[in-house]
Amino acid sequence: MSKKKLNRRDFLKTGSILTTGAVLMGAGTSRLFGIGSSTLQKSSIENIVLNNGVKMPILGFGTNTLKGSVGERCVADAISLGYRLIDTAKIYGNEDAVGLGIKKSGIDRKELFVSSKVWVSDHGYENTKKAFATSLSKLQTDYLDMYLIHRPREDYKGSWKALEELYQEGKIKAIGVSNFEPDQLDDLMASSKIKPVINQIETHAFYIQNKAFDYLKKSGIQMQAWSPLAEGRNQIFSNETLAAIGKKYNKNNAQVSLRWHYQRGIVAIPRSSQKEHMKENLNIFDFQLDDSDMKTIAKLDLNKTQFPEWS
Ligand SMILES: NC(=O)c1ccc[n+]([C@@H]2O[C@H](COP(=O)([O-])OP(=O)(O)OC[C@H]3O[C@@H](n4cnc5c(N)ncnc54)[C@H](OP(=O)(O)O)[C@@H]3O)[C@@H](O)[C@H]2O)c1
């Protein structure tokens, strides 16, 4: 089985596949992450540039369900392997564990891109300001790289006003939203001063979200995928189509899925509680899906959420 390695020219060609309008920064030859190493790895994940000029890694670490000592250990492990973008949220009940994991990693805070979200129960201008202060305290930091409105419910416009002020005060480097439909984004932008940098939405091979993809690209808002591995639903890890593609490159279904996001210019934040999986999910920068692979994956689209319980 041949493992295709990319030289610099191929790598730059790969970068040109990125289609959401994201600009890649610091692109260079990515290397494999050392298996078995417990030392802090220098990250070789490229950055994209958000619409306010802030740089953000194109691949990050999701933390939903990773709480307490497990959450702390997983975040520290992820950082030691090279992840620098950490995604959390008030509703995950793990901001304290994420904060401890960051401390445990020993990494300089400035090397990280820490992102959290305000939950619906804290919506409204005043409540959002308080919730943000609590998130900072739990995360043991004095600023966030990104803060998102988790869902477009209740008084989210009041929350957005709070986010705008916190951004202008320098307490948040970039502000964005999650789970917004295009019309909700249009409405928010029509009544506010600052354009969101990102919309974090469910995106994976079974729910490609072409309409949102096109809208976000046109609007200069970065698309970020939650549940980029569909949380394992619909048997994604044993899907035969993904497996056949992966076999050509000696990659597994998770890696093919994450490479697919990467080539579409989407920021993915896979979660894992296992160090081996964390490593696998980083090891996606030394091969390239061709046009036919991308078209084949597009045919897996079921065009509906795999999380109906959250709709
Ligand atoms: N904004 C929102 O509304 C929203 C909603 C959902 C999620 N999110 C964010 O998106 C992140 C990712 O989504 P998610 O956590 O729902 O699911 P996900 O990342 O799509 O999938 C996680 C699952 O995949 C497994 N997995 C990971 N890597 C694997 C690999 N290489 N091989 C086999 N299995 C693997 C994990 O199991 P192991 O632990 O065994 O590896 C876990 O069960 C969340 O953690 C959260 O930060 C945001």
# chains A, B, ... in the order shown; residues from 1 in each chain; ligands from 1
>>> closest_atom_pairs(of="range 121-177 of chain A", to="range 53-75 of chain A", cutoff="10 Å", atoms="only C-alpha atoms", output="CSV")
residue,atom,partner,partner_atom,distance
A:Asp145,CA,A:Met56,CA,8.8
A:Met146,CA,A:Met56,CA,9.4
A:Lys173,CA,A:Val54,CA,7.2
A:Ala174,CA,A:Val54,CA,7.1
>>> write_last_selection(atoms="C-alpha atoms", output="PDB file, in the first residue's frame")
ATOM      1  CA  ASP A 145      -9.339  33.900  21.661  1.00  0.00           C
ATOM      2  CA  MET A 146     -12.907  33.299  20.564  1.00  0.00           C
ATOM      3  CA  LYS A 173      -9.880  38.363  20.178  1.00  0.00           C
ATOM      4  CA  ALA A 174     -12.665  37.175  17.860  1.00  0.00           C
TER       5      ALA A 174
END
>>> closest_atom_pairs(of="chain A", to="ligand 1", cutoff="6 Å", atoms="only C-alpha atoms and all ligand atoms", output="tab-separated table")
residue	atom	partner	partner_atom_place_in_ligand_line	distance
A:Gly62	CA	ligand 1	47 (O)	3.4
A:Thr63	CA	ligand 1	45 (O)	4.0
A:Asn64	CA	ligand 1	45 (O)	3.7
A:Asp87	CA	ligand 1	47 (O)	4.8
A:Thr88	CA	ligand 1	47 (O)	5.3
A:His150	CA	ligand 1	1 (N)	5.7
A:Ser178	CA	ligand 1	1 (N)	5.2
A:Gln200	CA	ligand 1	1 (N)	5.6
A:Trp226	CA	ligand 1	10 (O)	3.7
A:Ser227	CA	ligand 1	13 (O)	3.1
A:Pro228	CA	ligand 1	20 (O)	4.2
A:Leu229	CA	ligand 1	20 (O)	3.3
A:Ala230	CA	ligand 1	20 (O)	4.2
A:Glu231	CA	ligand 1	21 (O)	3.3
A:Gly232	CA	ligand 1	24 (O)	5.1
A:Ala254	CA	ligand 1	31 (N)	4.9
A:Ile269	CA	ligand 1	11 (C)	5.2
A:Pro270	CA	ligand 1	19 (O)	3.4
A:Arg271	CA	ligand 1	19 (O)	3.9
A:Ser272	CA	ligand 1	39 (O)	3.6
A:Ser273	CA	ligand 1	39 (O)	3.7
A:Gln274	CA	ligand 1	41 (O)	4.9
A:His277	CA	ligand 1	31 (N)	3.9
A:Glu280	CA	ligand 1	31 (N)	5.2
A:Asn281	CA	ligand 1	31 (N)	5.4
>>> write_last_selection(atoms="C-alpha atoms", output="compact mmCIF listing (two decimals), in the first residue's frame")
# COMPACT_ATOMS: atom_id res chain seq x y z
CA GLY A 62 -13.35 19.38 20.80
CA THR A 63 -14.15 18.77 24.45
CA ASN A 64 -17.87 18.09 24.76
CA ASP A 87 -13.15 24.28 21.90
CA THR A 88 -15.30 24.33 25.02
CA HIS A 150 -24.01 28.80 21.14
CA SER A 178 -22.88 28.69 16.32
CA GLN A 200 -19.81 26.66 14.08
CA TRP A 226 -18.94 20.55 15.05
CA SER A 227 -19.11 16.77 15.25
CA PRO A 228 -16.75 16.54 12.24
CA LEU A 229 -16.76 12.76 12.75
CA ALA A 230 -20.55 12.70 13.20
CA GLU A 231 -19.76 11.61 16.76
CA GLY A 232 -19.41 8.12 15.29
CA ALA A 254 -11.55 9.40 10.73
CA ILE A 269 -12.62 20.19 16.09
CA PRO A 270 -12.66 16.40 16.57
CA ARG A 271 -12.96 15.15 20.12
CA SER A 272 -11.26 12.09 21.50
CA SER A 273 -10.62 10.64 24.93
CA GLN A 274 -7.85 8.40 23.55
CA HIS A 277 -7.08 8.71 18.23
CA GLU A 280 -4.48 9.82 14.19
CA ASN A 281 -6.67 12.89 13.87
>>> select_by_dssp(residues="range 42-229 of chain A", states="alpha helix (DSSP H)", output="PDB file with C-alpha atoms, in the first residue's frame")
ATOM      1  CA  GLY A  68     -13.388  16.414  35.432  1.00  0.00           C
ATOM      2  CA  SER A  69     -10.097  14.561  35.587  1.00  0.00           C
ATOM      3  CA  VAL A  70     -10.764  12.925  32.193  1.00  0.00           C
ATOM      4  CA  GLY A  71     -11.249  16.335  30.608  1.00  0.00           C
ATOM      5  CA  GLU A  72      -8.127  17.689  32.269  1.00  0.00           C
ATOM      6  CA  ARG A  73      -6.024  14.742  31.090  1.00  0.00           C
ATOM      7  CA  CYS A  74      -7.435  14.850  27.537  1.00  0.00           C
ATOM      8  CA  VAL A  75      -6.793  18.570  27.102  1.00  0.00           C
ATOM      9  CA  ALA A  76      -3.241  18.212  28.421  1.00  0.00           C
ATOM     10  CA  ASP A  77      -2.672  15.210  26.116  1.00  0.00           C
ATOM     11  CA  ALA A  78      -4.074  17.044  23.106  1.00  0.00           C
ATOM     12  CA  ILE A  79      -1.823  20.051  23.703  1.00  0.00           C
ATOM     13  CA  SER A  80       1.211  17.813  24.242  1.00  0.00           C
ATOM     14  CA  LEU A  81       0.544  16.278  20.815  1.00  0.00           C
ATOM     15  CA  GLU A  95     -14.416  24.874  31.468  1.00  0.00           C
ATOM     16  CA  ASP A  96     -12.734  24.267  34.821  1.00  0.00           C
ATOM     17  CA  ALA A  97     -11.291  20.948  33.579  1.00  0.00           C
ATOM     18  CA  VAL A  98     -10.136  22.593  30.352  1.00  0.00           C
ATOM     19  CA  GLY A  99      -8.432  25.321  32.391  1.00  0.00           C
ATOM     20  CA  LEU A 100      -6.673  22.716  34.522  1.00  0.00           C
ATOM     21  CA  GLY A 101      -5.648  20.760  31.402  1.00  0.00           C
ATOM     22  CA  ILE A 102      -4.121  23.890  29.925  1.00  0.00           C
ATOM     23  CA  LYS A 103      -2.175  24.543  33.127  1.00  0.00           C
ATOM     24  CA  LYS A 104      -1.075  20.911  33.252  1.00  0.00           C
ATOM     25  CA  SER A 105       0.237  21.085  29.673  1.00  0.00           C
ATOM     26  CA  TYR A 125     -26.636  41.783  27.526  1.00  0.00           C
ATOM     27  CA  GLU A 126     -26.048  41.715  31.303  1.00  0.00           C
ATOM     28  CA  ASN A 127     -26.223  37.940  31.743  1.00  0.00           C
ATOM     29  CA  THR A 128     -23.763  37.368  28.921  1.00  0.00           C
ATOM     30  CA  LYS A 129     -21.232  39.720  30.500  1.00  0.00           C
ATOM     31  CA  LYS A 130     -21.530  37.794  33.779  1.00  0.00           C
ATOM     32  CA  ALA A 131     -21.318  34.421  32.009  1.00  0.00           C
ATOM     33  CA  PHE A 132     -18.199  35.550  30.172  1.00  0.00           C
ATOM     34  CA  ALA A 133     -16.529  36.557  33.457  1.00  0.00           C
ATOM     35  CA  THR A 134     -17.379  33.142  34.928  1.00  0.00           C
ATOM     36  CA  SER A 135     -15.974  31.356  31.870  1.00  0.00           C
ATOM     37  CA  LEU A 136     -12.723  33.330  32.145  1.00  0.00           C
ATOM     38  CA  SER A 137     -12.430  32.456  35.812  1.00  0.00           C
ATOM     39  CA  LYS A 138     -13.086  28.742  35.247  1.00  0.00           C
ATOM     40  CA  LEU A 139     -10.641  28.635  32.357  1.00  0.00           C
ATOM     41  CA  TYR A 156     -29.136  36.544  21.498  1.00  0.00           C
ATOM     42  CA  LYS A 157     -28.939  40.039  20.056  1.00  0.00           C
ATOM     43  CA  GLY A 158     -28.435  41.410  23.565  1.00  0.00           C
ATOM     44  CA  SER A 159     -25.682  38.814  23.961  1.00  0.00           C
ATOM     45  CA  TRP A 160     -24.094  39.922  20.715  1.00  0.00           C
ATOM     46  CA  LYS A 161     -23.966  43.524  21.977  1.00  0.00           C
ATOM     47  CA  ALA A 162     -22.103  42.248  25.048  1.00  0.00           C
ATOM     48  CA  LEU A 163     -19.701  40.266  22.850  1.00  0.00           C
ATOM     49  CA  GLU A 164     -19.062  43.341  20.697  1.00  0.00           C
ATOM     50  CA  GLU A 165     -18.129  45.387  23.758  1.00  0.00           C
ATOM     51  CA  LEU A 166     -15.903  42.656  25.204  1.00  0.00           C
ATOM     52  CA  TYR A 167     -14.204  42.393  21.816  1.00  0.00           C
ATOM     53  CA  GLN A 168     -13.645  46.155  21.655  1.00  0.00           C
ATOM     54  CA  PRO A 182     -28.131  32.152   6.898  1.00  0.00           C
ATOM     55  CA  ASP A 183     -31.253  34.289   7.483  1.00  0.00           C
ATOM     56  CA  GLN A 184     -30.425  34.549  11.193  1.00  0.00           C
ATOM     57  CA  LEU A 185     -26.904  35.664  10.345  1.00  0.00           C
ATOM     58  CA  ASP A 186     -28.224  38.227   7.860  1.00  0.00           C
ATOM     59  CA  ASP A 187     -30.568  39.561  10.515  1.00  0.00           C
ATOM     60  CA  LEU A 188     -27.824  39.735  13.156  1.00  0.00           C
ATOM     61  CA  MET A 189     -25.440  41.514  10.809  1.00  0.00           C
ATOM     62  CA  ALA A 190     -28.131  44.016   9.782  1.00  0.00           C
ATOM     63  CA  ASN A 210     -23.711  22.984   0.955  1.00  0.00           C
ATOM     64  CA  LYS A 211     -26.140  25.873   1.343  1.00  0.00           C
ATOM     65  CA  ALA A 212     -24.421  27.087   4.519  1.00  0.00           C
ATOM     66  CA  PHE A 213     -21.010  26.451   2.955  1.00  0.00           C
ATOM     67  CA  ASP A 214     -21.802  28.691  -0.039  1.00  0.00           C
ATOM     68  CA  TYR A 215     -23.437  31.369   2.103  1.00  0.00           C
ATOM     69  CA  LEU A 216     -20.543  31.556   4.575  1.00  0.00           C
ATOM     70  CA  LYS A 217     -17.971  31.655   1.801  1.00  0.00           C
ATOM     71  CA  LYS A 218     -19.836  34.510   0.108  1.00  0.00           C
ATOM     72  CA  SER A 219     -20.195  36.367   3.423  1.00  0.00           C
TER      73      SER A 219
END
>>> select_by_dssp(residues="range 97-155 of chain A", states="strand (DSSP E or B)", output="PyMOL selection string")
chain A and resi 113-118+144-149
>>> write_last_selection(atoms="C-alpha atoms", output="JSON list (two decimals), in the first residue's frame")
[["chain", "number", "residue", "atom", "x", "y", "z"],
["A", 113, "PHE", "CA", -6.44, 29.48, 20.79],
["A", 114, "VAL", "CA", -9.10, 29.00, 23.49],
["A", 115, "SER", "CA", -12.72, 29.19, 22.40],
["A", 116, "SER", "CA", -15.88, 29.02, 24.51],
["A", 117, "LYS", "CA", -19.61, 29.72, 24.07],
["A", 118, "VAL", "CA", -22.36, 31.49, 25.94],
["A", 144, "LEU", "CA", -10.53, 34.34, 25.20],
["A", 145, "ASP", "CA", -9.34, 33.90, 21.66],
["A", 146, "MET", "CA", -12.91, 33.30, 20.56],
["A", 147, "TYR", "CA", -16.34, 33.45, 22.17],
["A", 148, "LEU", "CA", -19.47, 32.26, 20.40],
["A", 149, "ILE", "CA", -23.21, 32.51, 20.83]]
>>> closest_residue(among="A:Asn253, A:Ala298, A:Met223, A:Asn47", to="Ala268 in chain A", atoms="only C-alpha atoms")
A:Met223
>>> closest_residue(among="A:Leu242, A:Leu258, A:Ile194, A:Met278", to="Asp293 in chain A", atoms="only C-alpha atoms")
A:Leu242
